[in-house]
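Engineer: So that you have it, the file is run.txt, and it contains compact mmCIF, C-alpha atoms:
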# COMPACT_ATOMS: atom_id res chain seq x y z
CA MET A 5 -223.29 -64.82 27.31
CA HIS A 6 -221.32 -66.08 24.30
CA TYR A 7 -217.82 -64.72 23.89
CA PRO A 8 -215.97 -65.18 20.57
CA LYS A 9 -212.96 -67.45 20.53
CA ILE A 10 -209.69 -65.57 20.88
CA ARG A 11 -207.53 -66.16 17.80
CA ASN A 12 -203.82 -66.10 18.61
CA ILE A 13 -201.82 -65.04 15.56
CA LEU A 14 -198.07 -64.96 15.03
CA LEU A 15 -196.93 -62.53 12.33
CA PHE A 16 -193.37 -62.59 11.03
CA VAL A 17 -192.24 -59.35 9.37
CA TRP A 18 -189.33 -59.44 6.93
CA GLU A 19 -187.65 -56.07 7.61
CA ARG A 20 -188.08 -52.75 9.38
CA ASP A 21 -188.50 -50.90 6.07
CA VAL A 22 -191.34 -48.96 4.48
CA SER A 23 -192.81 -52.02 2.72
CA ALA A 24 -193.12 -53.84 6.05
CA ARG A 25 -194.61 -50.79 7.80
CA GLU A 26 -197.25 -50.32 5.11
CA PHE A 27 -198.00 -54.06 5.15
CA LEU A 28 -198.53 -53.92 8.92
CA ALA A 29 -200.81 -50.91 8.56
CA GLY A 30 -202.95 -52.81 6.04
CA PHE A 31 -203.03 -55.92 8.22
CA ALA A 32 -204.00 -53.85 11.26
CA HIS A 33 -206.70 -52.03 9.29
CA TYR A 34 -208.47 -55.37 8.85
CA SER A 35 -207.50 -57.14 12.07
CA ASN A 36 -208.45 -54.25 14.37
CA SER A 37 -212.09 -54.81 13.39
CA ARG A 38 -211.74 -58.37 14.74
CA GLN A 39 -211.79 -57.82 18.50
CA SER A 40 -211.12 -61.53 19.04
CA TRP A 41 -207.69 -61.41 17.38
CA SER A 42 -204.53 -61.29 19.48
CA VAL A 43 -201.54 -60.60 17.23
CA ARG A 44 -197.89 -61.07 18.14
CA ILE A 45 -195.35 -59.49 15.77
CA LEU A 46 -191.81 -60.78 15.36
CA TYR A 47 -189.23 -59.55 12.91
CA ALA A 48 -187.44 -62.20 10.87
CA ALA A 49 -184.16 -61.52 12.65
CA ASP A 50 -185.83 -62.28 15.99
CA ALA A 51 -188.05 -65.11 14.76
CA LEU A 52 -185.87 -67.99 15.90
CA LEU A 53 -186.26 -67.22 19.58
CA PRO A 54 -186.18 -70.28 21.82
CA GLY A 55 -189.57 -71.97 21.99
CA THR A 56 -191.23 -70.21 19.03
CA ALA A 57 -191.30 -73.28 16.74
CA GLN A 58 -192.29 -75.46 19.69
CA ASP A 59 -195.23 -73.16 20.47
CA ILE A 60 -196.47 -73.54 16.90
CA ALA A 61 -196.06 -77.32 16.99
CA ALA A 62 -197.98 -77.41 20.27
CA GLY A 63 -200.88 -75.46 18.74
CA ARG A 64 -200.49 -72.26 20.73
CA TYR A 65 -201.19 -70.18 17.61
CA ASP A 66 -204.35 -70.43 15.53
CA GLY A 67 -202.74 -68.60 12.63
CA VAL A 68 -199.25 -67.82 11.34
CA VAL A 69 -198.30 -65.16 8.79
CA LEU A 70 -194.89 -65.36 7.15
CA THR A 71 -193.04 -64.93 3.86
CA ASP A 72 -192.46 -67.69 1.33
CA THR A 73 -188.66 -67.58 1.68
CA PHE A 74 -188.79 -67.68 5.48
CA LEU A 75 -191.08 -70.72 5.44
CA ALA A 76 -188.89 -72.45 2.85
CA ALA A 77 -185.88 -71.95 5.13
CA HIS A 78 -187.78 -72.88 8.32
CA PRO A 79 -190.48 -75.45 7.42
CA GLU A 80 -191.16 -76.14 11.11
CA PHE A 81 -193.29 -72.99 11.20
CA GLY A 82 -195.85 -74.62 8.88
CA SER A 83 -195.76 -78.04 10.47
CA ASN A 84 -198.97 -77.99 12.55
CA PRO A 85 -201.99 -79.12 10.44
CA ALA A 86 -204.35 -77.36 12.87
CA THR A 87 -202.70 -73.96 12.31
CA ALA A 88 -203.92 -71.75 9.47
CA VAL A 89 -200.98 -70.35 7.52
CA ALA A 90 -201.06 -67.19 5.38
CA VAL A 91 -198.05 -66.95 3.10
CA ILE A 92 -196.78 -63.65 1.71
CA GLY A 93 -195.27 -64.36 -1.69
CA ASP A 94 -195.06 -67.23 -4.17
CA ILE A 95 -196.77 -70.30 -2.75
CA ASN A 96 -194.79 -72.58 -5.09
CA VAL A 97 -191.62 -71.71 -3.17
CA CYS A 98 -192.88 -73.41 -0.01
CA ARG A 99 -196.05 -75.42 -0.79
CA ARG A 100 -194.46 -78.73 0.21
CA HIS A 101 -193.85 -77.42 3.74
CA LEU A 102 -197.53 -76.75 4.49
CA CYS A 103 -199.52 -79.41 6.33
CA GLY A 104 -202.88 -77.73 6.94
CA LYS A 105 -205.08 -75.03 5.45
CA PHE A 106 -203.29 -72.13 3.86
CA ALA A 107 -203.73 -69.11 1.64
CA SER A 108 -201.15 -67.03 -0.16
CA VAL A 109 -201.20 -63.37 -1.07
CA ASN A 110 -198.66 -61.84 -3.38
CA ILE A 111 -197.87 -58.51 -4.98
CA ASP A 112 -197.84 -58.96 -8.76
CA ASN A 113 -194.10 -58.39 -9.11
CA GLN A 114 -194.06 -59.00 -12.86
CA GLU A 115 -196.52 -56.12 -13.21
CA ILE A 116 -194.17 -53.91 -11.17
CA GLY A 117 -191.42 -54.75 -13.67
CA ARG A 118 -193.74 -53.91 -16.57
CA ILE A 119 -194.68 -50.59 -14.94
CA GLY A 120 -190.98 -49.76 -14.63
CA ALA A 121 -190.32 -50.61 -18.27
CA ARG A 122 -193.28 -48.58 -19.51
CA TYR A 123 -192.30 -45.58 -17.42
CA LEU A 124 -188.66 -45.52 -18.49
CA SER A 125 -189.64 -46.06 -22.13
CA SER A 126 -191.94 -43.05 -21.91
CA LEU A 127 -189.06 -40.75 -21.00
CA GLY A 128 -187.55 -40.77 -24.48
CA THR A 129 -184.93 -42.65 -26.47
CA PHE A 130 -182.21 -44.59 -24.63
CA ASN A 131 -179.30 -46.56 -26.05
CA SER A 132 -179.68 -49.27 -23.40
CA TYR A 133 -182.00 -50.53 -20.68
CA ALA A 134 -180.87 -52.37 -17.56
CA PHE A 135 -182.16 -54.10 -14.43
CA VAL A 136 -180.18 -54.55 -11.20
CA PRO A 137 -181.31 -57.15 -8.60
CA PRO A 138 -180.44 -56.95 -4.88
CA VAL A 139 -177.35 -58.60 -3.45
CA HIS A 140 -179.35 -61.63 -2.31
CA SER A 141 -181.74 -62.49 -5.13
CA GLU A 142 -185.19 -63.91 -4.34
CA ALA A 143 -188.32 -64.87 -6.27
CA TRP A 144 -189.87 -61.40 -6.05
CA ASP A 145 -186.97 -59.58 -7.69
CA CYS A 146 -186.65 -62.27 -10.38
CA ALA A 147 -190.33 -61.68 -11.22
CA ARG A 148 -189.73 -57.92 -11.44
CA ALA A 149 -186.75 -58.49 -13.75
CA GLU A 150 -188.81 -60.81 -15.94
CA GLY A 151 -191.69 -58.34 -16.25
CA PHE A 152 -189.20 -55.57 -17.07
CA ARG A 153 -187.41 -57.68 -19.71
CA ARG A 154 -190.56 -58.98 -21.37
CA ASN A 155 -192.14 -55.55 -21.69
CA LEU A 156 -189.01 -54.17 -23.33
CA ALA A 157 -188.70 -57.22 -25.60
CA ALA A 158 -192.24 -56.56 -26.87
CA SER A 159 -191.09 -53.11 -28.00
CA LYS A 160 -187.87 -54.51 -29.54
CA ALA A 161 -185.67 -52.90 -26.87
CA VAL A 162 -182.69 -54.81 -25.48
CA CYS A 163 -182.42 -55.22 -21.71
CA ALA A 164 -179.26 -56.09 -19.74
CA ILE A 165 -179.79 -57.93 -16.43
CA TYR A 166 -176.93 -57.52 -13.96
CA ASP A 167 -175.87 -60.96 -12.64
CA ARG A 168 -173.28 -59.68 -10.11
CA THR A 169 -170.51 -61.86 -11.58
CA THR A 170 -168.61 -58.71 -12.61
CA PRO A 171 -168.01 -55.56 -10.54
CA LEU A 172 -170.94 -53.15 -10.70
CA ASP A 173 -168.74 -50.24 -11.76
CA THR A 174 -167.39 -52.22 -14.74
CA TRP A 175 -170.89 -53.24 -15.77
CA LEU A 176 -172.33 -49.71 -15.47
CA THR A 177 -169.43 -48.23 -17.43
CA ALA A 178 -170.07 -50.68 -20.29
CA LEU A 179 -173.75 -49.75 -20.67
CA PRO A 180 -174.34 -47.69 -23.84
CA LYS A 181 -175.31 -44.17 -22.79
CA PRO A 182 -177.77 -42.70 -22.21
CA ALA A 183 -179.10 -45.67 -20.25
CA ALA A 184 -182.36 -46.29 -18.37
CA LEU A 185 -181.99 -48.50 -15.32
CA MET A 186 -184.52 -50.08 -12.96
CA ALA A 187 -183.36 -51.41 -9.59
CA ALA A 188 -185.32 -54.15 -7.80
CA CYS A 189 -185.79 -51.94 -4.73
CA ASP A 190 -184.82 -48.53 -3.38
CA TYR A 191 -181.83 -49.85 -1.43
CA THR A 192 -180.36 -51.38 -4.59
CA ALA A 193 -181.05 -48.15 -6.50
CA VAL A 194 -179.11 -46.19 -3.88
CA GLU A 195 -176.19 -48.64 -4.29
CA VAL A 196 -176.26 -47.99 -8.05
CA MET A 197 -176.41 -44.22 -7.53
CA ALA A 198 -173.39 -44.29 -5.22
CA THR A 199 -171.43 -46.24 -7.84
CA CYS A 200 -172.45 -43.76 -10.56
CA THR A 201 -171.23 -40.88 -8.40
CA ARG A 202 -167.90 -42.61 -7.89
CA LEU A 203 -167.60 -43.12 -11.68
CA SER A 204 -168.64 -39.50 -12.43
CA LEU A 205 -171.65 -40.78 -14.35
CA ARG A 206 -174.33 -38.09 -14.38
CA ILE A 207 -177.86 -38.87 -13.17
CA PRO A 208 -180.14 -38.64 -15.13
CA GLN A 209 -178.13 -37.35 -18.12
CA ASP A 210 -176.02 -40.53 -18.48
CA ILE A 211 -178.19 -42.98 -16.52
CA SER A 212 -181.82 -42.53 -15.46
CA ILE A 213 -182.46 -44.61 -12.32
CA LEU A 214 -185.76 -46.00 -11.01
CA GLY A 215 -186.28 -47.78 -7.67
CA VAL A 216 -189.19 -49.64 -6.05
CA ASP A 217 -190.98 -49.11 -2.69
CA ASP A 218 -190.97 -45.30 -2.55
CA ASP A 219 -189.31 -45.13 0.84
CA GLU A 220 -189.60 -41.34 1.05
CA LEU A 221 -186.84 -40.78 3.60
CA LEU A 222 -184.43 -42.91 1.57
CA CYS A 223 -185.48 -41.50 -1.81
CA GLU A 224 -185.14 -37.92 -0.63
CA SER A 225 -181.83 -38.48 1.18
CA VAL A 226 -179.83 -39.10 -2.02
CA ARG A 227 -178.81 -36.60 -4.70
CA PRO A 228 -180.53 -36.38 -7.02
CA PRO A 229 -183.67 -37.64 -5.24
CA LEU A 230 -184.74 -41.10 -6.43
CA THR A 231 -187.78 -41.80 -8.61
CA SER A 232 -189.54 -44.90 -7.30
CA ILE A 233 -192.54 -47.17 -7.85
CA ARG A 234 -194.96 -47.39 -4.93
CA PRO A 235 -196.48 -50.93 -4.79
CA GLU A 236 -199.67 -52.04 -3.02
CA HIS A 237 -198.08 -53.07 0.30
CA PHE A 238 -201.03 -51.71 2.30
CA ALA A 239 -203.46 -53.72 0.16
CA SER A 240 -201.41 -56.91 0.54
CA GLY A 241 -201.44 -56.56 4.34
CA PHE A 242 -205.20 -56.09 4.31
CA GLN A 243 -205.71 -59.07 2.01
CA VAL A 244 -203.46 -61.34 4.11
CA ALA A 245 -205.57 -60.59 7.19
CA ARG A 246 -208.75 -61.13 5.20
CA ALA A 247 -207.48 -64.45 3.78
CA LEU A 248 -206.51 -65.61 7.26
CA ASN A 249 -209.99 -64.80 8.53
CA GLY A 250 -211.40 -66.87 5.65
CA LEU A 251 -209.33 -69.85 6.79
CA PHE A 252 -210.60 -69.45 10.35
CA ASN A 253 -214.21 -69.45 9.15
CA SER A 254 -213.88 -72.38 6.75
CA GLY A 255 -214.75 -75.89 7.84
CA ARG A 256 -212.70 -79.02 7.53
CA GLY A 257 -212.09 -80.26 4.05
CA ILE A 258 -212.19 -76.81 2.51
CA PRO A 259 -209.67 -76.84 -0.34
CA ARG A 260 -206.48 -74.89 0.02
CA ARG A 261 -206.72 -71.49 -1.59
CA THR A 262 -204.32 -69.18 -3.33
CA LYS A 263 -204.89 -65.47 -3.85
CA THR A 264 -202.80 -62.91 -5.70
CA VAL A 265 -203.10 -59.20 -4.98
CA LEU A 266 -202.60 -57.34 -8.24
CA CYS A 267 -200.71 -54.05 -8.01
CA SER A 268 -203.02 -52.19 -10.38
CA GLY A 269 -202.80 -49.22 -8.02
CA ALA A 270 -198.99 -49.09 -8.09
CA LYS A 271 -197.72 -45.77 -9.34
CA VAL A 272 -194.45 -44.04 -10.15
CA ILE A 273 -193.41 -41.20 -7.82
CA GLU A 274 -191.23 -39.06 -10.04
CA ARG A 275 -188.11 -37.30 -8.75
CA GLU A 276 -184.92 -35.97 -10.29
CA SER A 277 -183.14 -39.32 -10.81
CA THR A 278 -185.15 -39.76 -14.01
CA HIS A 279 -186.35 -36.26 -14.80
CA PHE A 280 -185.06 -32.73 -14.40
CA LEU A 281 -187.21 -30.63 -12.12
CA SER A 282 -187.62 -26.89 -12.25
CA PRO A 283 -186.24 -24.95 -9.26
CA ALA A 284 -189.82 -24.45 -8.03
CA LEU A 285 -190.62 -28.18 -8.08
CA HIS A 286 -187.29 -28.97 -6.43
CA LEU A 287 -188.20 -26.53 -3.66
CA ILE A 288 -191.55 -28.31 -3.16
CA ARG A 289 -189.88 -31.74 -3.08
CA THR A 290 -187.40 -30.52 -0.47
CA ALA A 291 -190.14 -28.97 1.64
CA THR A 292 -192.30 -32.08 1.47
CA ALA A 293 -189.37 -34.28 2.55
CA TYR A 294 -188.68 -31.95 5.50
CA ILE A 295 -192.34 -32.02 6.60
CA THR A 296 -192.41 -35.83 6.39
CA ALA A 297 -189.16 -36.21 8.35
CA ASN A 298 -190.48 -33.92 11.10
CA VAL A 299 -194.08 -35.14 11.12
CA CYS A 300 -194.11 -35.59 14.93
CA GLU A 301 -192.60 -32.18 15.67
CA GLN A 302 -194.35 -28.85 16.16
CA ILE A 303 -193.16 -27.34 12.89
CA ASP A 304 -194.88 -24.44 11.14
CA VAL A 305 -194.62 -22.56 7.86
CA ALA A 306 -191.73 -20.44 9.16
CA ASP A 307 -189.72 -23.58 9.99
CA VAL A 308 -190.24 -24.93 6.46
CA ALA A 309 -189.23 -21.64 4.84
CA ARG A 310 -186.15 -21.43 7.08
CA HIS A 311 -185.13 -24.97 6.01
CA LEU A 312 -185.54 -24.01 2.34
CA GLY A 313 -183.58 -20.80 2.75
CA VAL A 314 -186.28 -18.70 1.07
CA SER A 315 -188.89 -16.26 2.27
CA ARG A 316 -192.12 -17.56 3.76
CA ARG A 317 -194.09 -15.68 1.12
CA LEU A 318 -192.16 -17.28 -1.78
CA ALA A 319 -192.40 -20.80 -0.28
CA ASP A 320 -196.15 -20.53 0.24
CA LEU A 321 -196.61 -19.00 -3.23
CA ARG A 322 -194.87 -21.97 -4.88
CA PHE A 323 -196.99 -24.46 -2.92
CA ARG A 324 -200.23 -22.77 -3.91
CA GLU A 325 -199.04 -22.55 -7.52
CA TYR A 326 -198.06 -26.21 -7.94
CA CYS A 327 -199.91 -28.09 -5.17
CA LYS A 328 -203.09 -25.98 -5.01
CA LYS A 329 -202.76 -25.81 -1.22
CA SER A 330 -200.72 -23.95 1.37
CA ILE A 331 -197.72 -25.19 3.33
CA HIS A 332 -199.86 -25.12 6.49
CA GLU A 333 -202.45 -27.35 4.83
CA THR A 334 -199.67 -29.71 3.69
CA ILE A 335 -198.29 -29.97 7.25
CA ILE A 336 -201.73 -30.78 8.69
CA GLU A 337 -202.48 -33.30 5.93
CA THR A 338 -199.14 -35.06 6.45
CA LYS A 339 -199.60 -35.22 10.23
CA LEU A 340 -203.17 -36.56 9.88
CA LYS A 341 -201.99 -39.26 7.48
CA GLU A 342 -199.31 -40.39 9.94
CA LEU A 343 -201.78 -40.23 12.84
CA ALA A 344 -204.27 -42.40 10.92
CA THR A 345 -201.61 -45.04 10.34
CA ARG A 346 -200.48 -45.01 13.98
CA LEU A 347 -204.05 -45.41 15.20
CA LEU A 348 -204.24 -48.66 13.23
CA ILE A 349 -200.91 -50.20 14.22
CA SER A 350 -200.77 -49.09 17.87
CA ASN A 351 -202.75 -50.26 20.90
CA ARG A 352 -202.09 -47.01 22.77
CA SER A 353 -204.98 -44.71 23.60
CA ILE A 354 -206.04 -42.11 21.03
CA GLY A 355 -204.91 -39.35 23.40
CA SER A 356 -201.50 -40.94 23.81
CA VAL A 357 -201.01 -41.38 20.04
CA ALA A 358 -202.11 -37.78 19.45
CA ALA A 359 -199.78 -36.42 22.15
CA ALA A 360 -196.82 -38.29 20.64
CA MET A 361 -197.44 -36.31 17.47
CA ASN A 362 -197.80 -33.00 19.33
CA PHE A 363 -201.59 -32.80 18.97
CA HIS A 364 -202.69 -31.53 22.39
CA ASP A 365 -206.20 -30.25 21.65
CA LEU A 366 -208.23 -33.43 21.08
CA SER A 367 -211.41 -31.52 20.32
CA TYR A 368 -209.72 -29.57 17.51
CA LEU A 369 -207.95 -32.70 16.30
CA GLY A 370 -211.25 -34.58 16.22
CA ARG A 371 -212.78 -31.97 13.93
CA LEU A 372 -209.73 -32.05 11.63
CA PHE A 373 -209.75 -35.85 11.46
CA ARG A 374 -213.47 -36.10 10.74
CA SER A 375 -213.17 -33.46 8.03
CA ARG A 376 -210.32 -35.39 6.37
CA TYR A 377 -211.54 -38.98 6.78
CA GLY A 378 -215.31 -38.65 7.20
CA MET A 379 -215.35 -40.44 10.56
CA THR A 380 -214.13 -40.14 14.13
CA MET A 381 -210.76 -41.48 15.23
CA SER A 382 -212.53 -44.23 17.21
CA GLU A 383 -214.54 -45.26 14.15
CA TRP A 384 -211.39 -45.27 12.03
CA ARG A 385 -209.58 -47.47 14.52
CA ALA A 386 -212.55 -49.86 14.76
CA GLY A 387 -212.25 -50.61 11.04
CA ASN A 388 -214.65 -50.62 8.15
CA GLY A 389 -215.74 -54.21 7.59
CA GLU A 390 -214.54 -56.31 4.71
CA GLU A 391 -213.25 -53.73 2.26
CA LEU A 392 -210.41 -51.26 2.17
CA HIS A 393 -211.49 -47.73 2.99
CA SER A 394 -211.35 -45.42 0.02
CA ILE A 395 -208.78 -43.09 1.59
CA SER A 396 -205.44 -43.60 -0.13
CA PHE A 397 -202.39 -44.26 2.02
What would you get if you wrote out this structure as structure tokens?
Structural biologist:
Amino acid sequence: MHYPKIRNILLFVWERDVSAREFLAGFAHYSNSRQSWSVRILYAADALLPGTAQDIAAGRYDGVVLTDTFLAAHPEFGSNPATAVAVIGDINVCRRHLCGKFASVNIDNQEIGRIGARYLSSLGTFNSYAFVPPVHSEAWDCARAEGFRRNLAASKAVCAIYDRTTPLDTWLTALPKPAALMAACDYTAVEVMATCTRLSLRIPQDISILGVDDDELLCESVRPPLTSIRPEHFASGFQVARALNGLFNSGRGIPRRTKTVLCSGAKVIERESTHFLSPALHLIRTATAYITANVCEQIDVADVARHLGVSRRLADLRFREYCKKSIHETIIETKLKELATRLLISNRSIGSVAAAMNFHDLSYLGRLFRSRYGMTMSEWRAGNGEELHSISF
């Protein structure tokens, strides 16, 4: 009997944030259909463990997945010509460090900047537009800033790019108000919001603020809640795994390949940092954040209403009015979405994953899951071939 070759893969993840979690879910969605793949995950902070680079040099791993900036800083991880390397990001940052076959997959960060510019421009007339990069600037945030600046330049609007040579509070104070500001990521947006609060600058009346990544827990933890762009991190994880599989199946002499994942599906998740919400919509946002934060608990409609400080009848009425579904349906939908992700990124049994989320009736859960996703939990975990499943994460 012929058994497929086991492919040992080392995957370096940049952070423990929402972008990394969604990337891993996309990677797992593809790789779980490859029963011959054995994946080891290391976070960047733990990547330099003794022996890791030596294992790669010795050919222990058939494939390595890592970011462009990590490879540029540690070229030894791309030094084995027999190891297929999938790079997340701009291949030009680290091309000279690659000795064998490679592929690169990248979010179109300039398009994210353009989406941010178009969204903020659609909100009305502003006296200034601004972009704030993270503390440690990298190629991805520079691309977002460039896309943002170019889109505004096409419409004759002036854009200020913060270069961190002056204090942030001084720079924000000098912006002509009202201002529209895009931050490179949610964490940077939260930094800007904290500075605005300290300066008594009103959000969004004085400055409308937009982040990137749509980290729901982070976006809903600040006041006002943060509007954010949700990129295609799940798609990039799927495409990295697919590109790596293509390298495994290609023969010697196959030219090196580069692939860019466009973020055509990226969308703006609107909250109060750019737009006033009615009391009813604010209630729904607060309820949704509570349900998401307690997705593994046995919460019910009464718990949600109690958290909101309103009657159960009023809470459910607002959900049906604006969301076209009940709070109970929202709780189940949120829990099923989280369960679906955990089934992909965990090797635990289906029963164990379900129990961790307080689903104790597997028969009932199976009917719910099949109704929502059109397949059993086992079929979902097994994967769906070469293409992304149509369910949106």
Engineer: Name the residues in contact with Pro85 of chain A at a cut-off of 8 Å, using only C-alpha atoms, excluding same-chain residues fewer than 4 positions from it; report them as an NGL selection string.
Structural biologist: :A and (102-105)
Engineer: Next, dump the selected residues to file, keeping only C-alpha atoms, as a PDB file, in the coordinates of the input.
Structural biologist:
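Saved as part_15.pdb:
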ATOM      1  CA  LEU A 102    -197.530 -76.750   4.490  1.00  0.00           C
ATOM      2  CA  CYS A 103    -199.520 -79.410   6.330  1.00  0.00           C
ATOM      3  CA  GLY A 104    -202.880 -77.730   6.940  1.00  0.00           C
ATOM      4  CA  LYS A 105    -205.080 -75.030   5.450  1.00  0.00           C
TER       5      LYS A 105
END
Engineer: Within 12 Å of (-183.1, -46.0, -22.1) in the file's own coordinates, which protein, DNA or RNA residues have an atom, counting only C-alpha atoms? List them as a PyMOL selection string.
Structural biologist: chain A and resi 120-135+156+161-164+179-186+208-214+278
Engineer: Find the distance between atom CA of Ala386 of chain A and atom CA of Ser108 of chain A and write it in Å to one decimal.
Structural biologist: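 These two atoms are separated by 25.4 Å.
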Engineer: Calculate how many Å separate atom CA of Gly63 of chain A from atom CA of Glu26 of chain A, rounding to one decimal.
Structural biologist: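 Calculated distance between atom CA of Gly63 of chain A and atom CA of Glu26 of chain A is 28.8 Å.
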Engineer: Quick check, in Å to one decimal: how far apart do atom CA of Ala309 of chain A and atom CA of Leu230 of chain A lie?
Structural biologist: 22.9 Å
Engineer: Using only C-alpha atoms, can you tell me which of A:Gln243, A:Ser254, A:Thr334, A:Ser35 comes closest to Ala293 of chain A?
Structural biologist: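 When distances to Ala293 of chain A are compared using only C-alpha atoms, the smallest one comes from A:Thr334.
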Engineer: What's the 10 Å shell around Phe363 of chain A, counting all atoms listed in the file, without same-chain residues fewer than 5 positions away, as a PDB file with C-alpha atoms, in the frame of the given file?
Structural biologist:
ATOM      1  CA  CYS A 300    -194.110 -35.590  14.930  1.00  0.00           C
ATOM      2  CA  GLU A 301    -192.600 -32.180  15.670  1.00  0.00           C
ATOM      3  CA  GLN A 302    -194.350 -28.850  16.160  1.00  0.00           C
ATOM      4  CA  LYS A 339    -199.600 -35.220  10.230  1.00  0.00           C
ATOM      5  CA  LEU A 340    -203.170 -36.560   9.880  1.00  0.00           C
ATOM      6  CA  LEU A 343    -201.780 -40.230  12.840  1.00  0.00           C
ATOM      7  CA  GLY A 355    -204.910 -39.350  23.400  1.00  0.00           C
ATOM      8  CA  SER A 356    -201.500 -40.940  23.810  1.00  0.00           C
ATOM      9  CA  VAL A 357    -201.010 -41.380  20.040  1.00  0.00           C
ATOM     10  CA  ALA A 358    -202.110 -37.780  19.450  1.00  0.00           C
ATOM     11  CA  TYR A 368    -209.720 -29.570  17.510  1.00  0.00           C
ATOM     12  CA  LEU A 369    -207.950 -32.700  16.300  1.00  0.00           C
TER      13      LEU A 369
END
Engineer: Quick one: residues within 12 Å of Ser330 of chain A, only C-alpha atoms, excluding same-chain residues fewer than 2 positions away - as a short mmCIF file (atom, residue, chain, number, x, y, z; two decimals) with C-alpha atoms, in the coordinates of the input?
Structural biologist:
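New file part-v3.cif:
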data_model
loop_
_atom_site.label_atom_id
_atom_site.label_comp_id
_atom_site.auth_asym_id
_atom_site.auth_seq_id
_atom_site.Cartn_x
_atom_site.Cartn_y
_atom_site.Cartn_z
CA ILE A 288 -191.55 -28.31 -3.16
CA ALA A 291 -190.14 -28.97 1.64
CA THR A 292 -192.30 -32.08 1.47
CA ASP A 304 -194.88 -24.44 11.14
CA VAL A 305 -194.62 -22.56 7.86
CA VAL A 308 -190.24 -24.93 6.46
CA ARG A 316 -192.12 -17.56 3.76
CA ARG A 317 -194.09 -15.68 1.12
CA LEU A 318 -192.16 -17.28 -1.78
CA ALA A 319 -192.40 -20.80 -0.28
CA ASP A 320 -196.15 -20.53 0.24
CA LEU A 321 -196.61 -19.00 -3.23
CA ARG A 322 -194.87 -21.97 -4.88
CA PHE A 323 -196.99 -24.46 -2.92
CA ARG A 324 -200.23 -22.77 -3.91
CA GLU A 325 -199.04 -22.55 -7.52
CA TYR A 326 -198.06 -26.21 -7.94
CA CYS A 327 -199.91 -28.09 -5.17
CA LYS A 328 -203.09 -25.98 -5.01
CA HIS A 332 -199.86 -25.12 6.49
CA GLU A 333 -202.45 -27.35 4.83
CA THR A 334 -199.67 -29.71 3.69
CA ILE A 335 -198.29 -29.97 7.25
CA ILE A 336 -201.73 -30.78 8.69
CA GLU A 337 -202.48 -33.30 5.93
#
Engineer: Please list as a PyMOL selection string every residue within 8 Å of Glu80 of chain A, counting all atoms listed in the file and excluding residues in the same chain fewer than 6 positions away.
Structural biologist: chain A and resi 57+61+101
Engineer: Could you give me, as a list in words, the residues that have an atom at most 10 Å away from the point (-196.5, -57.3, 6.9) in the coordinates of the file, using all atoms listed in the file?
Structural biologist: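 Residues found, by chain and rising number: Leu15, Phe16, Val17, Trp18, Glu19, Arg20, Ser23, Ala24, Arg25, Glu26, Phe27, Leu28, Ala29, Gly30, Phe31, Ala32, Ile45, Tyr47, Val69, Leu70, Thr71, Ile92, His237, Phe238, Ser240, Gly241, Phe242, Val244 and Ala245 of chain A.
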Engineer: With 8 Å of padding per side, what axis-aligned box (centre and edge lengths, Å, one decimal) covers all the listed atoms of segment 342-358 of chain A? Give it as JSON.
Structural biologist:
{"center_x": -202.7, "center_y": -44.0, "center_z": 16.9, "size_x": 22.7, "size_y": 28.5, "size_z": 29.9}
Engineer: Find, counting all atoms listed in the file, the residue in A:Met197, A:Ala88, A:Leu52, A:Leu46 that gets nearest to Leu251 of chain A.
Structural biologist: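 Smallest distance to Leu251 of chain A is found for A:Ala88.
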Engineer: Would you mind listing what lies within 9 Å of Asp72 of chain A as an NGL selection string, with all atoms listed in the file counted and same-chain residues fewer than 5 positions away left out?
Structural biologist: :A and (77 or 91-99 or 108)
Engineer: With distances taken over only C-alpha atoms, which residue among A:Asp112, A:Ser141, A:His311, A:Arg118 lies nearest Ala157 of chain A?
Structural biologist: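 Nearest to Ala157 of chain A: A:Arg118.
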